[in-house]
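J.: Got a structure here, written out as structure tokens. Questions coming.
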Amino acid sequence: MTTIRVRSASERRREIEQTAAALGIDDAYISTLVETFYGRVRAHEVLGPIFAAEIGDDWDPHLAKMKDFWASVVMNAGRYSGKPVPAHTKLPDLQPWHFKVWLDLFEQTLADTAPHPDAVPYFMERARRIARSLEFAISGLPPLNAGARP
Ligand code: HEM
């Protein structure tokens with residue numbers, strides 16, 4: 001008989017923490033990633049104006065929030081408790097195609113800064129999944145590639 005082993009929530013949490021540590025992902029790296037990425041976002045001809053319209057010049061609270069967000073996603077830090085969907089559905093200029101632009105810029109930033117090559121797909125797998133659900137939320141339709149393998 002085949003035995004199916006179901007991992008407990010605490011085992012899964014430990015696994016996430018161990019994977020992140022093995023890839024060199026820590027708070028210092030997340031800080032570098034977030035600062036570098038949003039530096040590029042601000043200068044980006046498509047993304048820059050969308051952020052500027054919402055955030056203006058007051059970037060520090062957004063950067064702090066995004067560091068907590070990514071630490072929670074990739075290291076299970078449990079420091080983020082915001083609401084990403086309403087934060088995006090309220091943006092009047094956000095279009096579904098902006099997500100690919102965002103993801104490409106994020107991937108390039110990871111490629112330029114990651115402490116380990118495998119950290120790039122580790123972040124990207126999670127970023128793509130979240131982007132898909134945000135794209136779904138803003139457009140009201142499942143994106144064409146929903147359910148496709150990353
Ligand atoms: C398509 C491009 C995107 C644009 C233009 C965009 C823009 C923004 C803006 C302007 C805010 C600030 C809203 C506020 O402070 O009220 C925000 C918040 C946020 N964004 Fe995005 N975003 C994009 C894609 C993404 C993606 C792909 C992710 C995740 C992988 C993400 C994660 C978040 C999170 C976690 C917040 C904080 C929400 C909160 O708790 O207040 N965004 N975004």
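Convention: chains lettered A, B, ... in structure tokens order; per-chain residue numbering from 1; ligands numbered from 1 as shown.
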Near range 105-115 of chain A, within 7 Å and counting only C-alpha atoms, which residues show up once chain neighbours fewer than 4 positions away are dropped, as a list in words?
T.: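 Within the cut-off, the hits are Leu23, Gly24, Leu33, Phe37, Val101, Ala119, Val120 and Met124 of chain A.
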J.: Considering only C-alpha atoms, return as a list in words whatever protein or nucleic-acid residues lie within 12 Å of range 6-17 of chain A, sequence-local ones (same chain, fewer than 4 positions apart) excluded.
T.: Ala21, Ala22, Leu23, Gly24, Ile25, Asp26, Ala71, Ser72, Val73, Val74, Met75, Asn76, Ala77, Gly78, Tyr122 and Phe123 of chain A
J.: Could you give me, as a PyMOL selection string, every polymer residue with an atom at most 9 Å away from an atom of ligand 1, counting only C-alpha atoms and all ligand atoms?
T.: chain A and resi 41+46-55+61-62+65-66+68-70+80-88+90-91+93-103+106+124+126-135
J.: For CA of Tyr38 in chain A and CA of Ala64 in chain A, quote the distance in Å rounded to one decimal.
T.: 11.5 Å
J.: In Å, rounded to a single decimal, give me how far CA of Gly39 in chain A is from CA of Leu63 in chain A.
T.: 10.2 Å
J.: Pick from A:Val34, A:Pro121, A:Thr89, A:Trp59: nearest to Ser139 in chain A, with only C-alpha atoms counted?
T.: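 Nearest to Ser139 in chain A: A:Thr89.
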J.: Just how far from CA of Asp60 in chain A is CA of Gln18 in chain A, in Å to one decimal?
T.: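 The value is 29.4 Å.
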J.: Would you please work out which residue, of A:Pro92, A:Thr3, A:Ala20, A:Ala137, is nearest to Asp118 in chain A when using only C-alpha atoms?
T.: A:Ala20
J.: DSSP on the backbone: which residues in range 46-84 of chain A end up as helix (DSSP H, G or I)? Give the answer as a VMD selection string.
T.: chain A and resid 47 to 55 59 to 75 84
J.: Pull C-alpha atoms from the residues just selected and write them as a PDB file, in the first residue's frame.
T.:
ATOM      1  CA  LEU A  47       5.497  52.034 -14.491  1.00  0.00           C
ATOM      2  CA  GLY A  48       7.006  55.230 -13.058  1.00  0.00           C
ATOM      3  CA  PRO A  49       3.997  57.509 -13.678  1.00  0.00           C
ATOM      4  CA  ILE A  50       1.504  54.964 -12.255  1.00  0.00           C
ATOM      5  CA  PHE A  51       3.444  54.818  -8.982  1.00  0.00           C
ATOM      6  CA  ALA A  52       4.066  58.571  -8.947  1.00  0.00           C
ATOM      7  CA  ALA A  53       0.318  59.234  -9.232  1.00  0.00           C
ATOM      8  CA  GLU A  54      -0.355  57.150  -6.109  1.00  0.00           C
ATOM      9  CA  ILE A  55       2.776  57.486  -4.010  1.00  0.00           C
ATOM     10  CA  TRP A  59       8.420  56.276  -0.971  1.00  0.00           C
ATOM     11  CA  ASP A  60       9.731  55.237   2.449  1.00  0.00           C
ATOM     12  CA  PRO A  61       6.455  53.743   3.798  1.00  0.00           C
ATOM     13  CA  HIS A  62       5.931  51.830   0.514  1.00  0.00           C
ATOM     14  CA  LEU A  63       9.493  50.457   0.543  1.00  0.00           C
ATOM     15  CA  ALA A  64       9.161  49.360   4.183  1.00  0.00           C
ATOM     16  CA  LYS A  65       5.859  47.642   3.378  1.00  0.00           C
ATOM     17  CA  MET A  66       7.325  45.872   0.333  1.00  0.00           C
ATOM     18  CA  LYS A  67      10.293  44.609   2.370  1.00  0.00           C
ATOM     19  CA  ASP A  68       7.881  43.092   4.895  1.00  0.00           C
ATOM     20  CA  PHE A  69       5.794  41.675   2.051  1.00  0.00           C
ATOM     21  CA  TRP A  70       8.707  39.912   0.339  1.00  0.00           C
ATOM     22  CA  ALA A  71      10.190  38.723   3.636  1.00  0.00           C
ATOM     23  CA  SER A  72       6.829  37.124   4.391  1.00  0.00           C
ATOM     24  CA  VAL A  73       6.475  35.578   0.922  1.00  0.00           C
ATOM     25  CA  VAL A  74       9.977  34.125   0.578  1.00  0.00           C
ATOM     26  CA  MET A  75      11.139  33.672   4.197  1.00  0.00           C
ATOM     27  CA  PRO A  84      -2.763  43.790  -2.151  1.00  0.00           C
TER      28      PRO A  84
END
